[in-house]
Amino acid sequence: MGPDRADTYRAMEFLNFLLILWAGWLVWRRPERERFAFRLLIVSCLVMALLFLVGTHGSLIPGVNL
Amino acid sequence: MTLSEEKLRGILAWVVIVLVGGPVAGAVLLGVLAGDSPCILCWAQRTSMVLIGLVGLFVIRYGPRPRYVGMVVLLGAWGTFMALRHSALHLARDIGQGFSGAFFGAHTYVWSWVIHFTVLAVIGALLLLLREVAPPEGARQPGRAGRFAMGLFVVVAAANALQAFASTGPPPFIGQGDPVRLSWNPRHWVWSFEELDPPSISLRGGWTVPKPDPGSADPDPAHGPLANLPALAVTAWERVAVPLDGPLSGFARDAATGRALAVTERFGVYLLDSTLSRVLHRVVIDPGFSVDLGPLTGAAFLGGDTLAVVGINKSWALLRPDPKADERAEWRHFLTTDGRMTELGLGRFATVRARQQYVRSLAFDSAAQELITVSVPSAKQRRLVVSRFARGDMVLASEFVPRFGTGLTLKPDRKLADYLVTGAAAADGRLYAVSAAYSTLLVVDLATGVLQAAYSVPGLQRPVGLAVRGTELLVAQADGRIAVLERPTP
């Protein structure tokens, strides 16, 4: 488990779901904290997009002819 | 028909319930019940669906504020892109093949596309129907369905977090490109950084393959990858004595009639007499309709009157001189024509080992009835591949990377792929190939795939074609001059 370690720390899926869980909880149980919950949403979107781009190895377009 | 805001929030609560309770919770169940584990790209798409559900909760709680609508449209568009990008890795595989298991006949990455596209359609429909009144400020009571949606969301998001912990690990580990099945036994957990390599960012990734430029190749045989090559002297010089519409880019000779075929990168095709001083037929192919034909780089006689030309992108055209050619019918094929040529067909050579490589040569093995190309090694595919295509259907018949015969020695850290083959011809079971890089002639046994011999040919300047004339080889250069060599038979 965990055979490799990178020098650069990055957020990942587990952490992202914790952010989402937090935001959902705030909307449900603490509706007066809308601004903070929305910021969590934006951060989570950015993390999700970043993780996808990491997964595609930076190649935005798939291996096909354009 | 219009929707009040309260009605819209009620409908949206059910949309969130369906989205989160259906595909998102279903994905977790697939993991728990069937061991299914998402790859790093699947995780991003599942996360996107959860985020869309979260934006739905915002609307249920605070009303349809513009920033929520903007966010869900962005998420729907990005999710559609992600799903298409992910699906493109697998859609072109053979029937029944894909990544991981299929669900209702389609793989999860395809369902992701359907879901994100549906989200965009539903949002558009709801906005069309929403009554235009100024919404009240502050938080709303979510209603029974809204409360259920929020509770379900928290439960499903927590379940996803749990699965993500087991499947991908805590920070800073990230998802895997090739995950293993889900297990709750920590001994089976794989936490890795494998997807962080390589980190380079580009628009097309590995599909950025520059077109080869023989003009920039080093012509000095002494610098080639093979050591101690015997020299093959040019015994005479001839030339193509007719004006062409551009530099010569391919050349062939018909053994039966002595006629020659010359092509240019400007799609000019010239059928010449045996003295190379008279044009028998000339056309300029329209490269845009309907097969994208790259600049012509190879030519061959296929027996009878059939002519073959190939573009740098492995697209081909078959032509035939025809005194009764229908000029009106041929207008669509040729930009210029003498009115006595018919196009028989267009197509594309599909290779396996030579994918992501261009070609600059074409030969025809009359004994095997096969067309032959030699690939130009690229940075992505650093190998020289000989591909053979059946004349009957123009489909790949066989492919090989030549093996070294006895007596040939590679210099340290050099490869056969250092050569840039720009002309090829087949005769007597051998493939003769001339390389613009290091001015070298390669001789390959077509039966065994063995590189039998190689010869340096000093004095060549940008060779672009090769033809057999009895016991001689004709090396055509871009400037129209033809070097005559004795044909070696090792």
# chains A, B, ... in the order shown; residues from 1 in each chain; ligands from 1
>>> residues_around(residues="segment 40-46 of chain A", least_positions_apart="2", cutoff="9 Å", atoms="only C-alpha atoms", output="number ranges by chain")
A: 16-17, 19-20, 22-23, 35-38, 48-51; B: 47-48, 51, 54-55, 71, 75
>>> write_last_selection(atoms="C-alpha atoms", output="compact mmCIF listing (two decimals), in the first residue's frame")
# COMPACT_ATOMS: atom_id res chain seq x y z
CA ASN A 16 -12.66 16.15 -2.53
CA PHE A 17 -15.58 14.07 -1.31
CA LEU A 19 -15.20 18.92 0.85
CA ILE A 20 -18.43 18.05 -0.93
CA TRP A 22 -18.99 19.44 4.18
CA ALA A 23 -20.69 21.75 1.69
CA ARG A 35 -21.13 31.90 1.04
CA PHE A 36 -18.73 29.47 2.63
CA ALA A 37 -20.60 26.46 1.27
CA PHE A 38 -20.50 27.92 -2.25
CA MET A 48 -12.21 17.64 -9.81
CA ALA A 49 -11.11 19.34 -13.06
CA LEU A 50 -7.45 19.20 -12.02
CA LEU A 51 -7.64 15.50 -11.18
CA THR B 47 -17.46 13.75 -8.63
CA SER B 48 -18.94 16.02 -11.27
CA LEU B 51 -21.29 18.39 -7.54
CA LEU B 54 -24.84 19.73 -4.62
CA VAL B 55 -25.70 22.72 -6.82
CA MET B 71 -22.23 26.64 -12.12
CA LEU B 75 -20.46 21.37 -14.67
>>> residues_around(residues="segment 234-240 of chain B", least_positions_apart="5", cutoff="7 Å", atoms="only C-alpha atoms", output="JSON, numbers by chain")
{"B": [276, 277, 480, 481, 482, 483, 484, 485]}
>>> write_last_selection(atoms="C-alpha atoms", output="PDB file, in the first residue's frame")
ATOM      1  CA  LEU B 276      11.188  10.303 -69.332  1.00  0.00           C
ATOM      2  CA  SER B 277      10.909  13.048 -71.926  1.00  0.00           C
ATOM      3  CA  GLY B 480      14.233  15.449 -61.162  1.00  0.00           C
ATOM      4  CA  ARG B 481      17.634  13.823 -61.648  1.00  0.00           C
ATOM      5  CA  ILE B 482      17.813  10.036 -61.679  1.00  0.00           C
ATOM      6  CA  ALA B 483      20.835   8.203 -60.284  1.00  0.00           C
ATOM      7  CA  VAL B 484      21.457   4.838 -61.943  1.00  0.00           C
ATOM      8  CA  LEU B 485      22.958   2.096 -59.753  1.00  0.00           C
TER       9      LEU B 485
END
>>> select_by_dssp(residues="segment 117-217 of chain B", states="helix (DSSP H, G or I)", output="number ranges by chain")
B: 117-129, 143-168, 186-188, 194-196, 205-207, 214-216
>>> closest_atom_pairs(of="segment 137-225 of chain B", to="segment 300-319 of chain B", cutoff="12 Å", atoms="only C-alpha atoms", output="Markdown table")
| residue | atom | partner | partner_atom | distance |
| --- | --- | --- | --- | --- |
| B:Val209 | CA | B:Asn313 | CA | 11.3 |
| B:Pro210 | CA | B:Asn313 | CA | 11.5 |
| B:Lys211 | CA | B:Ile312 | CA | 8.3 |
| B:Pro212 | CA | B:Ile312 | CA | 9.0 |
| B:Asp213 | CA | B:Ile312 | CA | 11.0 |
>>> write_last_selection(atoms="C-alpha atoms", output="mmCIF file, in the first residue's frame")
data_model
loop_
_atom_site.group_PDB
_atom_site.id
_atom_site.type_symbol
_atom_site.label_atom_id
_atom_site.label_comp_id
_atom_site.auth_asym_id
_atom_site.auth_seq_id
_atom_site.Cartn_x
_atom_site.Cartn_y
_atom_site.Cartn_z
ATOM 1 C CA VAL B 209 3.674 13.870 -34.677
ATOM 2 C CA PRO B 210 5.508 16.365 -36.909
ATOM 3 C CA LYS B 211 5.684 15.601 -40.614
ATOM 4 C CA PRO B 212 9.098 14.265 -41.660
ATOM 5 C CA ASP B 213 11.291 16.593 -43.672
#
>>> residues_around(residues="segment 54-63 of chain A", least_positions_apart="5", cutoff="12 Å", atoms="only C-alpha atoms", output="VMD selection string")
(chain A and resid 10 to 13 47 to 49) or (chain B and resid 38 to 45 78 81 to 92 174 to 178 193 to 209 355 to 356 380)
>>> closest_residue(among="B:Leu431, B:Val444, B:Leu420, B:Ala125", to="Pro402 of chain B", atoms="only C-alpha atoms")
B:Val444
>>> atom_distance(atom1="atom CA of Arg46 of chain B", atom2="atom CA of Phe117 of chain B")
14.0 Å
>>> closest_residue(among="B:Arg65, B:His116, B:Arg131, B:Arg140", to="chain A", atoms="only C-alpha atoms")
B:Arg140
>>> residues_around(residues="Glu137 of chain B", least_positions_apart="4", cutoff="12 Å", atoms="only C-alpha atoms", output="PyMOL selection string")
(chain A and resi 32) or (chain B and resi 61-65)
>>> write_last_selection(atoms="N, CA and C atoms", output="short mmCIF file (atom, residue, chain, number, x, y, z; two decimals), in the first residue's frame")
data_model
loop_
_atom_site.label_atom_id
_atom_site.label_comp_id
_atom_site.auth_asym_id
_atom_site.auth_seq_id
_atom_site.Cartn_x
_atom_site.Cartn_y
_atom_site.Cartn_z
N GLU A 32 -27.44 29.41 6.80
CA GLU A 32 -26.95 30.80 6.86
C GLU A 32 -25.50 30.91 6.39
N ARG B 61 -32.38 25.16 -1.55
CA ARG B 61 -32.28 25.92 -0.30
C ARG B 61 -32.40 27.42 -0.51
N TYR B 62 -31.76 27.95 -1.59
CA TYR B 62 -31.66 29.41 -1.73
C TYR B 62 -32.36 29.96 -2.98
N GLY B 63 -32.95 29.10 -3.79
CA GLY B 63 -33.58 29.58 -5.01
C GLY B 63 -32.62 29.60 -6.18
N PRO B 64 -33.15 29.79 -7.41
CA PRO B 64 -32.31 29.69 -8.62
C PRO B 64 -31.49 30.94 -8.88
N ARG B 65 -30.49 31.18 -8.05
CA ARG B 65 -29.64 32.34 -8.27
C ARG B 65 -28.78 32.13 -9.53
#
>>> closest_residue(among="B:Gln141, B:Thr2, B:Gln97, B:Asn228", to="Leu410 of chain B", atoms="only C-alpha atoms")
B:Asn228
>>> closest_residue(among="B:Ala424, B:Asp393, B:Arg382, B:Val457", to="Pro219 of chain B", atoms="only C-alpha atoms")
B:Val457
>>> closest_residue(among="B:Val28, B:Val154, B:Leu293, B:Ile17", to="Arg29 of chain A", atoms="only C-alpha atoms")
B:Val154
>>> residues_around(residues="Glu5 of chain B", least_positions_apart="5", cutoff="10 Å", atoms="only C-alpha atoms", output="ChimeraX atom specification")
/B:10-11,59-60,63-64,130-136
>>> write_last_selection(atoms="C-alpha atoms", output="PDB file, in the first residue's frame")
ATOM      1  CA  GLY B  10     -39.805  20.711  -5.731  1.00  0.00           C
ATOM      2  CA  ILE B  11     -39.013  19.252  -9.167  1.00  0.00           C
ATOM      3  CA  VAL B  59     -31.132  25.902  -5.539  1.00  0.00           C
ATOM      4  CA  ILE B  60     -33.525  23.971  -3.307  1.00  0.00           C
ATOM      5  CA  GLY B  63     -33.583  29.581  -5.008  1.00  0.00           C
ATOM      6  CA  PRO B  64     -32.311  29.686  -8.618  1.00  0.00           C
ATOM      7  CA  LEU B 130     -39.459  29.256 -14.871  1.00  0.00           C
ATOM      8  CA  ARG B 131     -41.758  32.214 -14.200  1.00  0.00           C
ATOM      9  CA  GLU B 132     -39.883  35.522 -14.388  1.00  0.00           C
ATOM     10  CA  VAL B 133     -40.402  37.106 -10.996  1.00  0.00           C
ATOM     11  CA  ALA B 134     -37.847  38.537  -8.600  1.00  0.00           C
ATOM     12  CA  PRO B 135     -36.964  35.759  -6.156  1.00  0.00           C
ATOM     13  CA  PRO B 136     -37.095  36.506  -2.418  1.00  0.00           C
TER      14      PRO B 136
END
